[in-house]
Amino acid sequence: MRRFDWRSVVVSSVIIGTLAATAETRPQYGGTLHIAMRAALTSLDPKDTNPADGSQSDSFSRRSLDMLIFETLVNVDESLQIQPALATTWQASPDNQRWQLRIRHGVKFHDGTLLSAEVAAASLRAANPTWKVSAEGDSIIITRDTADLELPAQLALAKNAIVKRNADGVPSGTGPFHIVDWRPGRSLAVAANEDCWRGRPFLDAIEVDMGRSFHEQMTAMELGKEDFVEVAAEQSRHISQEGYQLVSSKPIELVALLFTRDTTSPEEKLLREALALSIERGSIRSVLLQGAGEPTASILPNWMSGYGFVFSSDADLVQARQAREQVNKIPSWSVGYDTDDVVARLLAERIALNAKDAGLSLQPTGSAVADMKVVRIAMASPHPWIALRQVSMIEGASLTRDGGSVENLYASERALLTSQRLVPLFHLPASYAASSALNNWTVGADGVWNLADAWMGAAHRER
């Protein structure tokens with residue numbers, strides 16, 4: 001009788017197990033990724049995303065969706081270096097007013113037509129009505145009235161993605177996914193672009209549910225209905241303990257108080273100074289934000305500017321009261337908040353209590369009409385000049401300089417803060433959670449997530 005060799009069984013089992021484990025760590029094609037997000041988009045056209053107006057329609061997730069369907073001429077990497085995308089090369093005239101970008105050959109839109117310089121120029125003109133953009137052979141020419149050193153970084157913004165619109169105005173892109181089903185304000189389904197010039201993405205499809213609160217998103221994730229969700233900054237510590245993948249950007253969202261008008265008297269300037277000095281950012285961060293983000297008195301985060309620490313964010317109740325005591329008549333201010341944003345309401349209430357300690361009167365309100373409001377500004381770019389320009393436009397101001405040295409940047413930011421229209425409070429990261437089945441996804445410093453190279457594990461694909 002032949003003797004049974006148990007050692008061969010063990011060896012075979014080890015080999016099979018090793019092969020299975022190796023297969024699970026290799027990128028796999030197939031599967032549908034389910035995503036939930038707060039924003040309820042009514043348009044997918046990138047030009048309708050305008051970070052400069054502070055509208056609720058703009059968000060990191062919205063920009064992320066746009067960049068799955070559409071692409072920009074160039075990209076900005078983590079080191080703020082410009083990288084080629086739909087444009088292969090670019091060069092500026094000696095005075096930095098005329099820029100020429102050569103369009104990549106052989107790129108197709110989702111409708112099957114080829115990308116051309118004429119289509120790219122028309123797309124940029126639609127997104128930037130004040131720009132002078134024309135086509136010249138296989139290149140586009142952008143001419144500015146003044147030197148524009150940051151033009152390539154501006155071209156990397158989601159709103160400047162290249163879009164081809166048909167006669168009915170339906171947008172078509174060149175990105176890794178194309179639109180399959182679009183229900184404005186409710187849901188979006190996209191499928192892999194088989195002809196993507198970068199190569200076909202691993203995922204077959206992505207389905208997005210819109211208008212879901214943070215709580216609804218997390219509940220759906222726990223029930224296995226969603227694979228990828230947004231996470232409120234104050235919940236990130238809790239989520240990381242639940243076994244999900246949690247990835248956050250650098251602090252890129254500015255939470256601030258925005259006054260609805262300029263100051264009209266020296267007394268009002270003193271009262272706004274007193275308010276800014278009364279806010280206990282440190283304790284608010286510890287309690288309301290559960291330690292997330294960074295307290296700040298600067299517009300730009302320190303990692304972006306390098307000098308954010310110069311602006312003190314510490315409360316000084318003594319100095320606040322001294323400023324308040326120089327004013328005889330104290331008005332009652334209203335501080336508004338988005339009624340769908342629980343943290344914004346709690347911030348308004350806590351700031352009102354801090355202000356009371358300084359002898360000021362603030363009344364929190366969910367009304368759209370208020371003297372000031374708690375705002376969240378999703379920074380347009382990790383590029384400091386572009387981010388600062390965005391905030392200046394939200395304030396209704398303009399930069400004294402628009403490019404150049406760190407000294408110029410600092411002077412421009414200080415000038416904006418001196419207007420006292422904006423009181424910076426916190427810089428928060430953009431955070432996302434994913435199931436353990438999702439592999440090879442990233443979040444950039446700009447808060448935008450990238451799923452172009454993501455893939456799902458076999459067990460999930462077969463569910």
# chains A, B, ... in the order shown; residues from 1 in each chain; ligands from 1
$ closest_atom_pairs --of "stretch 113-141 of chain A" --to "stretch 65-87 of chain A" --cutoff "10 Å" --atoms "only C-alpha atoms" --output "tab-separated table"
residue	atom	partner	partner_atom	distance
A:Leu115	CA	A:Leu86	CA	8.8
A:Ala117	CA	A:Ala87	CA	9.8
A:Ala120	CA	A:Leu73	CA	8.6
A:Ser139	CA	A:Ala87	CA	8.6
A:Ile140	CA	A:Ala87	CA	9.4
$ closest_atom_pairs --of "stretch 243-309 of chain A" --to "stretch 320-344 of chain A" --cutoff "12 Å" --atoms "only C-alpha atoms" --output "Markdown table"
| residue | atom | partner | partner_atom | distance |
| --- | --- | --- | --- | --- |
| A:Val255 | CA | A:Ala344 | CA | 8.9 |
| A:Ala256 | CA | A:Ala344 | CA | 9.9 |
| A:Leu257 | CA | A:Val335 | CA | 8.4 |
| A:Leu258 | CA | A:Val335 | CA | 9.2 |
| A:Phe259 | CA | A:Val335 | CA | 8.9 |
| A:Thr260 | CA | A:Val335 | CA | 10.2 |
| A:Ser265 | CA | A:Val327 | CA | 10.9 |
| A:Pro266 | CA | A:Val327 | CA | 9.3 |
| A:Glu267 | CA | A:Val327 | CA | 5.8 |
| A:Glu268 | CA | A:Val327 | CA | 8.4 |
| A:Lys269 | CA | A:Ala323 | CA | 9.3 |
| A:Leu270 | CA | A:Ala323 | CA | 5.5 |
| A:Leu271 | CA | A:Arg324 | CA | 5.7 |
| A:Arg272 | CA | A:Arg324 | CA | 9.0 |
| A:Glu273 | CA | A:Ala323 | CA | 7.1 |
| A:Ala274 | CA | A:Ala320 | CA | 4.1 |
| A:Leu275 | CA | A:Ala320 | CA | 6.9 |
| A:Ala276 | CA | A:Ala320 | CA | 8.0 |
| A:Leu277 | CA | A:Ala320 | CA | 5.3 |
| A:Ser278 | CA | A:Ala320 | CA | 5.9 |
| A:Ile279 | CA | A:Ala320 | CA | 9.5 |
| A:Glu280 | CA | A:Ala320 | CA | 11.8 |
| A:Ile284 | CA | A:Val343 | CA | 10.7 |
| A:Arg285 | CA | A:Val343 | CA | 11.2 |
| A:Val287 | CA | A:Val343 | CA | 11.1 |
| A:Leu288 | CA | A:Val343 | CA | 7.3 |
| A:Leu289 | CA | A:Val343 | CA | 8.1 |
| A:Gln290 | CA | A:Val343 | CA | 11.2 |
$ write_last_selection --atoms "C-alpha atoms" --output "PDB file, in the first residue's frame"
ATOM      1  CA  VAL A 255     -13.931  77.554   8.776  1.00  0.00           C
ATOM      2  CA  ALA A 256     -14.446  81.236   9.492  1.00  0.00           C
ATOM      3  CA  LEU A 257     -16.830  84.015  10.468  1.00  0.00           C
ATOM      4  CA  LEU A 258     -17.683  86.143   7.444  1.00  0.00           C
ATOM      5  CA  PHE A 259     -19.253  89.568   7.969  1.00  0.00           C
ATOM      6  CA  THR A 260     -21.765  90.474   5.297  1.00  0.00           C
ATOM      7  CA  SER A 265     -16.802 103.296  11.696  1.00  0.00           C
ATOM      8  CA  PRO A 266     -13.781 103.082  14.036  1.00  0.00           C
ATOM      9  CA  GLU A 267     -16.132 101.820  16.767  1.00  0.00           C
ATOM     10  CA  GLU A 268     -17.241  98.923  14.646  1.00  0.00           C
ATOM     11  CA  LYS A 269     -13.620  98.014  13.964  1.00  0.00           C
ATOM     12  CA  LEU A 270     -13.000  97.860  17.705  1.00  0.00           C
ATOM     13  CA  LEU A 271     -16.015  95.615  18.238  1.00  0.00           C
ATOM     14  CA  ARG A 272     -14.909  93.212  15.509  1.00  0.00           C
ATOM     15  CA  GLU A 273     -11.445  93.144  17.054  1.00  0.00           C
ATOM     16  CA  ALA A 274     -13.007  92.342  20.441  1.00  0.00           C
ATOM     17  CA  LEU A 275     -15.014  89.512  18.916  1.00  0.00           C
ATOM     18  CA  ALA A 276     -11.959  87.955  17.253  1.00  0.00           C
ATOM     19  CA  LEU A 277     -10.008  88.133  20.530  1.00  0.00           C
ATOM     20  CA  SER A 278     -12.830  86.557  22.564  1.00  0.00           C
ATOM     21  CA  ILE A 279     -13.075  83.274  20.645  1.00  0.00           C
ATOM     22  CA  GLU A 280     -11.541  80.308  22.475  1.00  0.00           C
ATOM     23  CA  ILE A 284     -13.741  74.649  20.797  1.00  0.00           C
ATOM     24  CA  ARG A 285     -11.370  72.373  18.876  1.00  0.00           C
ATOM     25  CA  VAL A 287     -14.768  69.752  22.545  1.00  0.00           C
ATOM     26  CA  LEU A 288     -16.762  70.390  19.365  1.00  0.00           C
ATOM     27  CA  LEU A 289     -14.206  69.195  16.824  1.00  0.00           C
ATOM     28  CA  GLN A 290     -12.878  66.335  18.973  1.00  0.00           C
TER      29      GLN A 290
END
$ atom_distance --atom1 "atom CA of A:Lys159" --atom2 "atom CA of A:Glu136"
22.8 Å
$ residues_around --residues "A:Leu300" --least-positions-apart "5" --cutoff "12 Å" --atoms "only C-alpha atoms" --output "PyMOL selection string"
chain A and resi 250-256+294-295+305-311+377-392+409-410+412-414+416-417+424-428
$ write_last_selection --atoms "C-alpha atoms" --output "PDB file, in the first residue's frame"
ATOM      1  CA  LYS A 250      -3.836  68.234   4.775  1.00  0.00           C
ATOM      2  CA  PRO A 251      -5.929  70.923   6.530  1.00  0.00           C
ATOM      3  CA  ILE A 252      -7.497  72.510   3.435  1.00  0.00           C
ATOM      4  CA  GLU A 253     -10.964  73.692   4.492  1.00  0.00           C
ATOM      5  CA  LEU A 254     -11.210  77.101   6.165  1.00  0.00           C
ATOM      6  CA  VAL A 255     -13.931  77.554   8.776  1.00  0.00           C
ATOM      7  CA  ALA A 256     -14.446  81.236   9.492  1.00  0.00           C
ATOM      8  CA  GLU A 294      -5.952  73.307  13.554  1.00  0.00           C
ATOM      9  CA  PRO A 295      -7.042  76.536  15.278  1.00  0.00           C
ATOM     10  CA  SER A 305       2.125  79.607   3.322  1.00  0.00           C
ATOM     11  CA  GLY A 306       4.884  78.788   5.816  1.00  0.00           C
ATOM     12  CA  TYR A 307       4.002  81.768   8.028  1.00  0.00           C
ATOM     13  CA  GLY A 308       0.562  80.927   9.440  1.00  0.00           C
ATOM     14  CA  PHE A 309       1.985  80.627  12.965  1.00  0.00           C
ATOM     15  CA  VAL A 310       2.683  84.386  12.935  1.00  0.00           C
ATOM     16  CA  PHE A 311      -1.038  85.091  13.367  1.00  0.00           C
ATOM     17  CA  ILE A 377     -14.475  77.516   2.388  1.00  0.00           C
ATOM     18  CA  ALA A 378     -13.096  74.563   0.453  1.00  0.00           C
ATOM     19  CA  MET A 379      -9.761  75.989  -0.646  1.00  0.00           C
ATOM     20  CA  ALA A 380      -9.605  76.061  -4.439  1.00  0.00           C
ATOM     21  CA  SER A 381      -6.030  74.849  -4.683  1.00  0.00           C
ATOM     22  CA  PRO A 382      -2.949  73.925  -2.629  1.00  0.00           C
ATOM     23  CA  HIS A 383      -1.292  76.777  -4.503  1.00  0.00           C
ATOM     24  CA  PRO A 384      -1.237  79.700  -1.990  1.00  0.00           C
ATOM     25  CA  TRP A 385      -1.846  82.564  -4.435  1.00  0.00           C
ATOM     26  CA  ILE A 386      -4.829  80.834  -6.023  1.00  0.00           C
ATOM     27  CA  ALA A 387      -6.311  79.951  -2.628  1.00  0.00           C
ATOM     28  CA  LEU A 388      -5.843  83.502  -1.368  1.00  0.00           C
ATOM     29  CA  ARG A 389      -7.388  84.968  -4.525  1.00  0.00           C
ATOM     30  CA  GLN A 390     -10.427  82.738  -3.995  1.00  0.00           C
ATOM     31  CA  VAL A 391     -10.943  84.010  -0.432  1.00  0.00           C
ATOM     32  CA  SER A 392     -10.436  87.624  -1.497  1.00  0.00           C
ATOM     33  CA  LEU A 409       1.906  86.747  -0.172  1.00  0.00           C
ATOM     34  CA  TYR A 410       2.123  87.668   3.512  1.00  0.00           C
ATOM     35  CA  SER A 412      -1.588  90.469   0.682  1.00  0.00           C
ATOM     36  CA  GLU A 413      -3.034  88.160   3.336  1.00  0.00           C
ATOM     37  CA  ARG A 414      -2.484  90.707   6.099  1.00  0.00           C
ATOM     38  CA  LEU A 416      -7.275  91.050   3.631  1.00  0.00           C
ATOM     39  CA  LEU A 417      -7.360  90.380   7.370  1.00  0.00           C
ATOM     40  CA  PRO A 424     -10.513  82.710  10.522  1.00  0.00           C
ATOM     41  CA  LEU A 425     -11.285  79.991  13.059  1.00  0.00           C
ATOM     42  CA  PHE A 426     -10.016  76.570  11.950  1.00  0.00           C
ATOM     43  CA  HIS A 427      -8.352  74.709   9.119  1.00  0.00           C
ATOM     44  CA  LEU A 428      -9.859  71.243   8.711  1.00  0.00           C
TER      45      LEU A 428
END
